[in-house]
Amino acid sequence: MDAYEKSSESMENMVKKKKAFWDTKNPKKKSTALTADQRSAAKARAKAAGRPYPNLIDNAWASRQK
């Protein structure tokens with residue numbers, strides 16, 4: 001193995017792609033239901049995007065709003 005191969009392998013190990021949040025494990029281990037306000041916000045966001053009901057992304061966005 002020459003120096004170039006070693007450096008390319010180490011670069012691959014250094015550059016790790018960040019996973020999308022739905023591909024990672026839940027650090028909290030407990031989930032709570034959305035409140036009525038959060039559900040309505042998720043539904044409004046889905047309607048604005050042309051979807052008939054909210055998807056995971058809409059629900060996650062609503063749960064993170066303050």
# chains A, B, ... in the order shown; residues from 1 in each chain; ligands from 1
>>> residues_around(residues="stretch 47-64 of chain A", least_positions_apart="4", cutoff="12 Å", atoms="only C-alpha atoms", output="ChimeraX atom specification")
/A:20-22,31-43
